[in-house]
file target-v1.tsv (TSV, C-alpha atoms)
chain	number	residue	atom	x	y	z
A	117	MET	CA	-42.65	44.86	143.62
A	118	THR	CA	-41.54	47.38	141.02
A	119	ILE	CA	-43.38	48.31	137.86
A	120	GLU	CA	-41.65	48.11	134.50
A	121	LEU	CA	-41.53	51.50	132.81
A	122	ASP	CA	-40.71	52.44	129.27
A	123	LYS	CA	-40.04	55.86	127.76
A	124	ARG	CA	-43.71	56.56	127.10
A	125	ASP	CA	-44.62	55.72	130.70
A	126	LEU	CA	-41.95	58.16	131.83
A	127	GLN	CA	-43.29	60.82	129.45
A	128	ILE	CA	-46.80	60.33	130.86
A	129	LEU	CA	-45.51	60.63	134.42
A	130	GLN	CA	-43.45	63.74	133.62
A	131	ILE	CA	-46.39	65.49	131.96
A	132	LEU	CA	-48.84	64.59	134.73
A	133	SER	CA	-46.45	65.65	137.50
A	134	VAL	CA	-46.52	69.18	136.07
A	135	GLU	CA	-49.92	69.30	134.36
A	136	GLY	CA	-52.30	67.13	136.36
A	137	ARG	CA	-55.39	68.58	134.67
A	138	ILE	CA	-54.30	67.80	131.13
A	139	SER	CA	-57.05	66.13	129.11
A	140	LYS	CA	-56.59	62.48	128.24
A	141	SER	CA	-56.72	63.30	124.54
A	142	GLU	CA	-54.01	65.97	124.89
A	143	LEU	CA	-51.89	63.61	126.98
A	144	ALA	CA	-52.20	60.95	124.27
A	145	ARG	CA	-51.24	63.48	121.59
A	146	ARG	CA	-48.20	64.65	123.57
A	147	VAL	CA	-46.85	61.12	124.06
A	148	ASN	CA	-47.67	60.17	120.46
A	149	LEU	CA	-50.26	57.48	121.25
A	150	SER	CA	-53.90	57.04	120.37
A	151	SER	CA	-56.36	57.54	123.22
A	152	SER	CA	-57.02	53.88	124.11
A	153	PRO	CA	-53.38	52.79	124.55
A	154	CYS	CA	-52.63	55.98	126.47
A	155	TRP	CA	-55.65	55.40	128.71
A	156	GLU	CA	-54.54	51.79	129.33
A	157	ARG	CA	-51.04	52.97	130.32
A	158	LEU	CA	-52.50	55.61	132.60
A	159	LYS	CA	-54.77	53.06	134.31
A	160	ARG	CA	-51.81	50.67	134.74
A	161	LEU	CA	-49.74	53.44	136.35
A	162	GLU	CA	-52.64	54.37	138.65
A	163	ASN	CA	-53.42	50.74	139.57
A	164	SER	CA	-49.77	50.04	140.35
A	165	GLY	CA	-49.81	52.84	142.92
A	166	LEU	CA	-47.16	54.84	141.08
A	167	ILE	CA	-49.73	57.61	140.53
A	168	LYS	CA	-51.19	58.18	143.97
A	169	GLY	CA	-53.69	60.86	143.03
A	170	TYR	CA	-54.35	64.21	141.44
A	171	ARG	CA	-54.69	67.52	143.22
A	172	ALA	CA	-54.59	71.22	142.61
A	173	GLU	CA	-51.61	73.30	143.62
A	174	VAL	CA	-53.31	76.01	145.65
A	175	ASP	CA	-51.58	79.32	146.32
A	176	LEU	CA	-53.06	80.12	149.72
A	177	THR	CA	-51.20	83.44	149.86
A	178	GLN	CA	-53.82	84.74	147.39
A	179	ALA	CA	-56.55	84.20	150.01
A	180	THR	CA	-54.91	84.52	153.43
A	181	GLU	CA	-51.73	85.23	155.30
A	182	LEU	CA	-49.62	82.13	155.46
A	183	LEU	CA	-46.68	81.05	157.58
A	184	THR	CA	-44.60	78.01	156.64
A	185	VAL	CA	-42.30	76.60	159.29
A	186	PHE	CA	-39.89	73.69	159.29
A	187	VAL	CA	-39.36	72.08	162.66
A	188	GLN	CA	-36.58	69.71	163.65
A	189	VAL	CA	-37.71	67.41	166.44
A	190	GLU	CA	-35.58	65.28	168.74
A	191	LEU	CA	-37.34	62.68	170.87
A	192	GLU	CA	-36.57	61.92	174.52
A	193	SER	CA	-36.39	58.18	173.89
A	194	HIS	CA	-35.23	56.16	170.92
A	195	LEU	CA	-37.24	53.06	171.71
A	196	ALA	CA	-39.56	51.79	168.98
A	197	ALA	CA	-42.61	52.62	171.09
A	198	ALA	CA	-41.54	56.27	171.35
A	199	PHE	CA	-41.23	56.58	167.58
A	200	GLN	CA	-44.59	54.87	167.07
A	201	LEU	CA	-46.32	57.18	169.57
A	202	PHE	CA	-44.88	60.28	167.90
A	203	GLU	CA	-45.75	59.11	164.38
A	204	ARG	CA	-49.33	58.19	165.32
A	205	SER	CA	-49.74	61.60	166.94
A	206	MET	CA	-48.80	63.49	163.78
A	207	ALA	CA	-52.08	62.52	162.10
A	208	GLN	CA	-54.00	64.56	164.70
A	209	TYR	CA	-52.58	67.91	163.59
A	210	ASP	CA	-53.82	69.31	160.28
A	211	GLU	CA	-51.24	72.12	160.39
A	212	ILE	CA	-48.46	69.55	160.11
A	213	ILE	CA	-48.61	68.94	156.39
A	214	ALA	CA	-45.53	66.72	156.18
A	215	CYS	CA	-43.46	64.71	158.61
A	216	TRP	CA	-40.26	62.87	157.75
A	217	ALA	CA	-38.25	60.53	159.96
A	218	THR	CA	-34.58	61.41	159.49
A	219	GLY	CA	-31.19	59.98	160.27
A	220	GLY	CA	-28.55	62.18	161.78
A	221	GLY	CA	-28.72	64.84	164.45
A	222	TYR	CA	-32.47	64.93	164.96
A	223	ASP	CA	-35.30	62.43	164.59
A	224	TYR	CA	-38.02	64.16	162.55
A	225	LEU	CA	-38.49	67.08	160.22
A	226	LEU	CA	-41.96	68.62	160.20
A	227	GLN	CA	-43.43	71.02	157.67
A	228	VAL	CA	-46.05	73.21	159.29
A	229	MET	CA	-48.45	75.69	157.67
A	230	THR	CA	-50.39	78.14	159.80
A	231	THR	CA	-51.75	81.64	159.42
A	232	ASN	CA	-49.29	83.34	161.78
A	233	ILE	CA	-46.63	82.86	164.44
A	234	GLY	CA	-49.25	82.87	167.20
A	235	ALA	CA	-51.06	79.93	165.63
A	236	TYR	CA	-47.73	78.14	165.27
A	237	GLN	CA	-46.97	78.69	168.97
A	238	ILE	CA	-50.36	77.25	169.92
A	239	LEU	CA	-49.53	74.15	167.86
A	240	ILE	CA	-46.15	73.76	169.56
A	241	ASP	CA	-47.75	74.20	172.99
A	242	ASP	CA	-50.29	71.50	172.09
A	243	LEU	CA	-47.53	69.14	170.93
A	244	LEU	CA	-45.59	69.66	174.15
A	245	ASP	CA	-48.71	69.30	176.33
A	246	ALA	CA	-49.61	66.07	174.50
A	247	ARG	CA	-46.51	64.42	175.99
A	248	ILE	CA	-45.61	62.57	172.82
A	249	GLY	CA	-41.94	62.41	173.69
A	250	ILE	CA	-40.50	65.65	172.32
A	251	LYS	CA	-37.15	66.38	174.00
A	252	ARG	CA	-36.39	69.52	172.01
A	253	TYR	CA	-37.33	71.22	168.78
A	254	PHE	CA	-35.85	73.83	166.49
A	255	THR	CA	-38.00	76.20	164.46
A	256	TYR	CA	-37.12	77.57	161.03
A	257	VAL	CA	-39.52	80.16	159.63
A	258	VAL	CA	-39.72	80.31	155.84
A	259	THR	CA	-39.26	83.89	154.69
A	260	LYS	CA	-39.51	83.24	150.95
A	261	GLN	CA	-40.11	80.24	148.74
A	262	VAL	CA	-37.25	80.13	146.26
A	263	LYS	CA	-38.08	76.93	144.39
A	264	SER	CA	-40.79	74.32	144.31
A	265	GLY	CA	-41.63	71.83	141.65
A	266	ALA	CA	-42.21	68.30	140.53
A	267	PRO	CA	-39.49	65.71	141.12
A	268	PRO	CA	-36.97	65.28	138.26
A	269	LEU	CA	-38.54	62.06	137.00
A	270	ALA	CA	-36.24	61.68	134.00
A	271	SER	CA	-33.11	61.53	136.16
A	272	LEU	CA	-34.73	59.61	139.03
A	273	LEU	CA	-36.47	56.97	136.91
A	274	GLY	CA	-34.44	57.19	133.71
A	275	ALA	CA	-32.08	54.37	134.71
A	276	ARG	CA	-35.08	52.05	135.15
A	277	VAL	CA	-36.66	52.84	131.79
A	278	GLU	CA	-36.31	50.25	129.04

call {"tool": "encode", "arguments": {"input": "target-v1.tsv", "output": "structure tokens"}}
result
Amino acid sequence: MTIELDKRDLQILQILSVEGRISKSELARRVNLSSSPCWERLKRLENSGLIKGYRAEVDLTQATELLTVFVQVELESHLAAAFQLFERSMAQYDEIIACWATGGGYDYLLQVMTTNIGAYQILIDDLLDARIGIKRYFTYVVTKQVKSGAPPLASLLGARVE
């Protein structure tokens, strides 16, 4: 099921994706609506599941050393049970902040955040000891974040907007 969006819905989503703490009254002003209709739209977007939640973007480098690593993982087996075991196992590791199943040369891409390379190695050792089907993995240490931001909602959803 898809939700019908109009230009104001898209404006609301664009503003919230960048400024999640904006007040409801300021949001209404920015999309040129009174508070009640804006609130109703916001509730509809939340209830539809399009808005999954609100959270702060925390810059952990201000409080601690931080290491971000991307890991390509190839599994030993490509049976459905092997994928299911691996995917269930990912929930057990807080350091793995994102996991994507991929098509192509490897099976999964993990995003890992730890405090240092030693902590990362302990995680990898734990994953290998857990026998969750990892055949091989490739580690890519992030040396500098060049860009990060909200998705380009206008171009991604624009074709669906009335």

call {"tool": "residues_around", "arguments": {"input": "target-v1.tsv", "residues": "Gly234 in chain A", "least_positions_apart": "5", "cutoff": "12 Å", "atoms": "only C-alpha atoms", "output": "list of chain:residue names"}}
result
A:Leu182, A:Leu183, A:Met229, A:Leu239, A:Ile240, A:Asp241

call {"tool": "closest_residue", "arguments": {"input": "target-v1.tsv", "among": "A:Asn163, A:Ser193, A:Ser150, A:Ser139", "to": "Asp223 in chain A", "atoms": "all atoms listed in the file"}}
result
A:Ser193

call {"tool": "residues_near_point", "arguments": {"input": "target-v1.tsv", "point": "(-52.0, 74.4, 157.6)", "cutoff": "12 Å", "atoms": "only C-alpha atoms", "output": "PyMOL selection string"}}
result
chain A and resi 176-177+180-185+209-214+226-232+235-236+239

call {"tool": "atom_distance", "arguments": {"input": "target-v1.tsv", "atom1": "CA of Trp216 in chain A", "atom2": "CA of Phe186 in chain A"}}
result
10.9 Å

call {"tool": "atom_distance", "arguments": {"input": "target-v1.tsv", "atom1": "CA of Ala266 in chain A", "atom2": "CA of Ser133 in chain A"}}
result
5.8 Å

call {"tool": "atom_distance", "arguments": {"input": "target-v1.tsv", "atom1": "CA of Ala217 in chain A", "atom2": "CA of Phe202 in chain A"}}
result
10.3 Å

call {"tool": "residues_around", "arguments": {"input": "target-v1.tsv", "residues": "Arg157 in chain A", "least_positions_apart": "4", "cutoff": "10 Å", "atoms": "all atoms listed in the file", "output": "NGL selection string"}}
result
:A and (121 or 124-125 or 128 or 151-153 or 161-163)

call {"tool": "closest_residue", "arguments": {"input": "target-v1.tsv", "among": "A:Asp175, A:Glu190, A:Glu156, A:Glu203", "to": "Phe254 in chain A", "atoms": "all atoms listed in the file"}}
result
A:Glu190

call {"tool": "closest_residue", "arguments": {"input": "target-v1.tsv", "among": "A:Gly169, A:Val258, A:Leu225, A:Gln200", "to": "Leu132 in chain A", "atoms": "all atoms listed in the file"}}
result
A:Gly169

call {"tool": "closest_residue", "arguments": {"input": "target-v1.tsv", "among": "A:Leu273, A:Val134, A:Leu195, A:Leu143", "to": "Arg171 in chain A", "atoms": "all atoms listed in the file"}}
result
A:Val134

call {"tool": "closest_residue", "arguments": {"input": "target-v1.tsv", "among": "A:Ala144, A:Tyr224, A:Leu126, A:Gly219", "to": "Gly249 in chain A", "atoms": "only C-alpha atoms"}}
result
A:Tyr224

call {"tool": "residues_around", "arguments": {"input": "target-v1.tsv", "residues": "Leu201 in chain A", "least_positions_apart": "2", "cutoff": "12 Å", "atoms": "only C-alpha atoms", "output": "VMD selection string"}}
result
chain A and resid 191 to 199 203 to 208 246 to 250

call {"tool": "closest_residue", "arguments": {"input": "target-v1.tsv", "among": "A:Ala270, A:Asp245, A:Tyr253, A:Leu129", "to": "Lys159 in chain A", "atoms": "only C-alpha atoms"}}
result
A:Leu129

call {"tool": "decode", "arguments": {"input": "target-v1.tsv", "residues": "range 233-278 of chain A", "atoms": "N, CA and C atoms", "output": "short mmCIF file (atom, residue, chain, number, x, y, z; two decimals), in the first residue's frame"}}
result
data_model
loop_
_atom_site.label_atom_id
_atom_site.label_comp_id
_atom_site.auth_asym_id
_atom_site.auth_seq_id
_atom_site.Cartn_x
_atom_site.Cartn_y
_atom_site.Cartn_z
N ILE A 233 40.39 0.37 16.48
CA ILE A 233 40.59 -0.82 15.66
C ILE A 233 40.62 -2.09 16.50
N GLY A 234 41.08 -1.99 17.73
CA GLY A 234 41.08 -3.15 18.62
C GLY A 234 39.66 -3.63 18.93
N ALA A 235 38.78 -2.69 19.19
CA ALA A 235 37.37 -3.03 19.45
C ALA A 235 36.73 -3.62 18.21
N TYR A 236 37.09 -3.11 17.04
CA TYR A 236 36.59 -3.68 15.79
C TYR A 236 37.07 -5.12 15.63
N GLN A 237 38.33 -5.38 15.93
CA GLN A 237 38.87 -6.74 15.78
C GLN A 237 38.18 -7.71 16.74
N ILE A 238 37.87 -7.25 17.93
CA ILE A 238 37.13 -8.10 18.88
C ILE A 238 35.76 -8.45 18.31
N LEU A 239 35.09 -7.48 17.69
CA LEU A 239 33.79 -7.74 17.06
C LEU A 239 33.93 -8.78 15.95
N ILE A 240 34.91 -8.61 15.09
CA ILE A 240 35.11 -9.56 14.00
C ILE A 240 35.40 -10.95 14.54
N ASP A 241 36.25 -11.04 15.57
CA ASP A 241 36.54 -12.34 16.18
C ASP A 241 35.26 -12.97 16.72
N ASP A 242 34.42 -12.16 17.36
CA ASP A 242 33.14 -12.67 17.88
C ASP A 242 32.24 -13.18 16.75
N LEU A 243 32.18 -12.43 15.65
CA LEU A 243 31.36 -12.85 14.52
C LEU A 243 31.85 -14.17 13.93
N LEU A 244 33.16 -14.31 13.82
CA LEU A 244 33.72 -15.54 13.28
C LEU A 244 33.53 -16.72 14.25
N ASP A 245 33.71 -16.46 15.54
CA ASP A 245 33.51 -17.51 16.55
C ASP A 245 32.05 -17.94 16.65
N ALA A 246 31.14 -17.04 16.31
CA ALA A 246 29.70 -17.34 16.41
C ALA A 246 29.24 -18.34 15.35
N ARG A 247 30.08 -18.60 14.37
CA ARG A 247 29.77 -19.55 13.30
C ARG A 247 28.40 -19.26 12.67
N ILE A 248 28.30 -18.04 12.17
CA ILE A 248 27.05 -17.63 11.51
C ILE A 248 27.18 -17.65 9.99
N GLY A 249 28.19 -18.37 9.52
CA GLY A 249 28.28 -18.62 8.08
C GLY A 249 29.15 -17.68 7.28
N ILE A 250 30.00 -16.91 7.94
CA ILE A 250 30.87 -15.99 7.20
C ILE A 250 31.99 -16.76 6.52
N LYS A 251 32.05 -16.65 5.20
CA LYS A 251 33.13 -17.28 4.42
C LYS A 251 34.35 -16.36 4.39
N ARG A 252 34.11 -15.10 4.05
CA ARG A 252 35.18 -14.10 4.06
C ARG A 252 34.57 -12.72 4.22
N TYR A 253 35.43 -11.80 4.63
CA TYR A 253 34.98 -10.42 4.82
C TYR A 253 36.10 -9.48 4.39
N PHE A 254 35.70 -8.28 4.02
CA PHE A 254 36.64 -7.25 3.61
C PHE A 254 36.33 -5.99 4.41
N THR A 255 37.36 -5.41 4.98
CA THR A 255 37.22 -4.27 5.88
C THR A 255 37.65 -2.99 5.18
N TYR A 256 36.83 -1.96 5.32
CA TYR A 256 37.15 -0.63 4.78
C TYR A 256 37.00 0.39 5.90
N VAL A 257 38.12 0.93 6.35
CA VAL A 257 38.12 1.90 7.44
C VAL A 257 37.83 3.28 6.87
N VAL A 258 36.88 3.97 7.47
CA VAL A 258 36.56 5.34 7.05
C VAL A 258 37.61 6.28 7.63
N THR A 259 38.24 7.05 6.76
CA THR A 259 39.25 7.99 7.22
C THR A 259 38.70 9.40 7.37
N LYS A 260 37.62 9.69 6.63
CA LYS A 260 37.02 11.01 6.71
C LYS A 260 35.62 10.94 6.12
N GLN A 261 34.65 11.52 6.82
CA GLN A 261 33.31 11.62 6.26
C GLN A 261 33.28 12.82 5.33
N VAL A 262 32.94 12.59 4.09
CA VAL A 262 32.92 13.64 3.09
C VAL A 262 31.53 14.24 2.95
N LYS A 263 30.51 13.39 3.04
CA LYS A 263 29.14 13.88 2.87
C LYS A 263 28.19 12.97 3.63
N SER A 264 27.20 13.58 4.23
CA SER A 264 26.13 12.86 4.88
C SER A 264 24.92 13.79 4.91
N GLY A 265 23.77 13.25 4.68
CA GLY A 265 22.61 14.11 4.71
C GLY A 265 21.32 13.34 4.54
N ALA A 266 20.25 14.09 4.49
CA ALA A 266 18.93 13.51 4.30
C ALA A 266 18.77 13.08 2.84
N PRO A 267 17.93 12.09 2.58
CA PRO A 267 17.69 11.68 1.20
C PRO A 267 17.08 12.82 0.38
N PRO A 268 17.33 12.85 -0.92
CA PRO A 268 16.77 13.91 -1.78
C PRO A 268 15.30 13.63 -2.06
N LEU A 269 14.45 13.97 -1.10
CA LEU A 269 13.03 13.61 -1.19
C LEU A 269 12.36 14.17 -2.43
N ALA A 270 12.70 15.38 -2.81
CA ALA A 270 12.04 15.99 -3.97
C ALA A 270 12.24 15.15 -5.22
N SER A 271 13.45 14.67 -5.45
CA SER A 271 13.70 13.88 -6.66
C SER A 271 13.21 12.44 -6.50
N LEU A 272 13.26 11.90 -5.27
CA LEU A 272 12.84 10.52 -5.07
C LEU A 272 11.31 10.36 -5.03
N LEU A 273 10.64 11.34 -4.45
CA LEU A 273 9.19 11.26 -4.33
C LEU A 273 8.45 12.19 -5.28
N GLY A 274 9.17 13.10 -5.90
CA GLY A 274 8.54 14.11 -6.74
C GLY A 274 7.64 13.55 -7.82
N ALA A 275 8.00 12.42 -8.42
CA ALA A 275 7.19 11.83 -9.48
C ALA A 275 5.87 11.32 -8.94
N ARG A 276 5.79 11.04 -7.63
CA ARG A 276 4.57 10.50 -7.04
C ARG A 276 3.66 11.60 -6.51
N VAL A 277 4.14 12.83 -6.48
CA VAL A 277 3.37 13.91 -5.89
C VAL A 277 2.36 14.43 -6.88
N GLU A 278 1.14 14.63 -6.40
CA GLU A 278 0.05 15.14 -7.25
C GLU A 278 0.29 16.58 -7.63
#
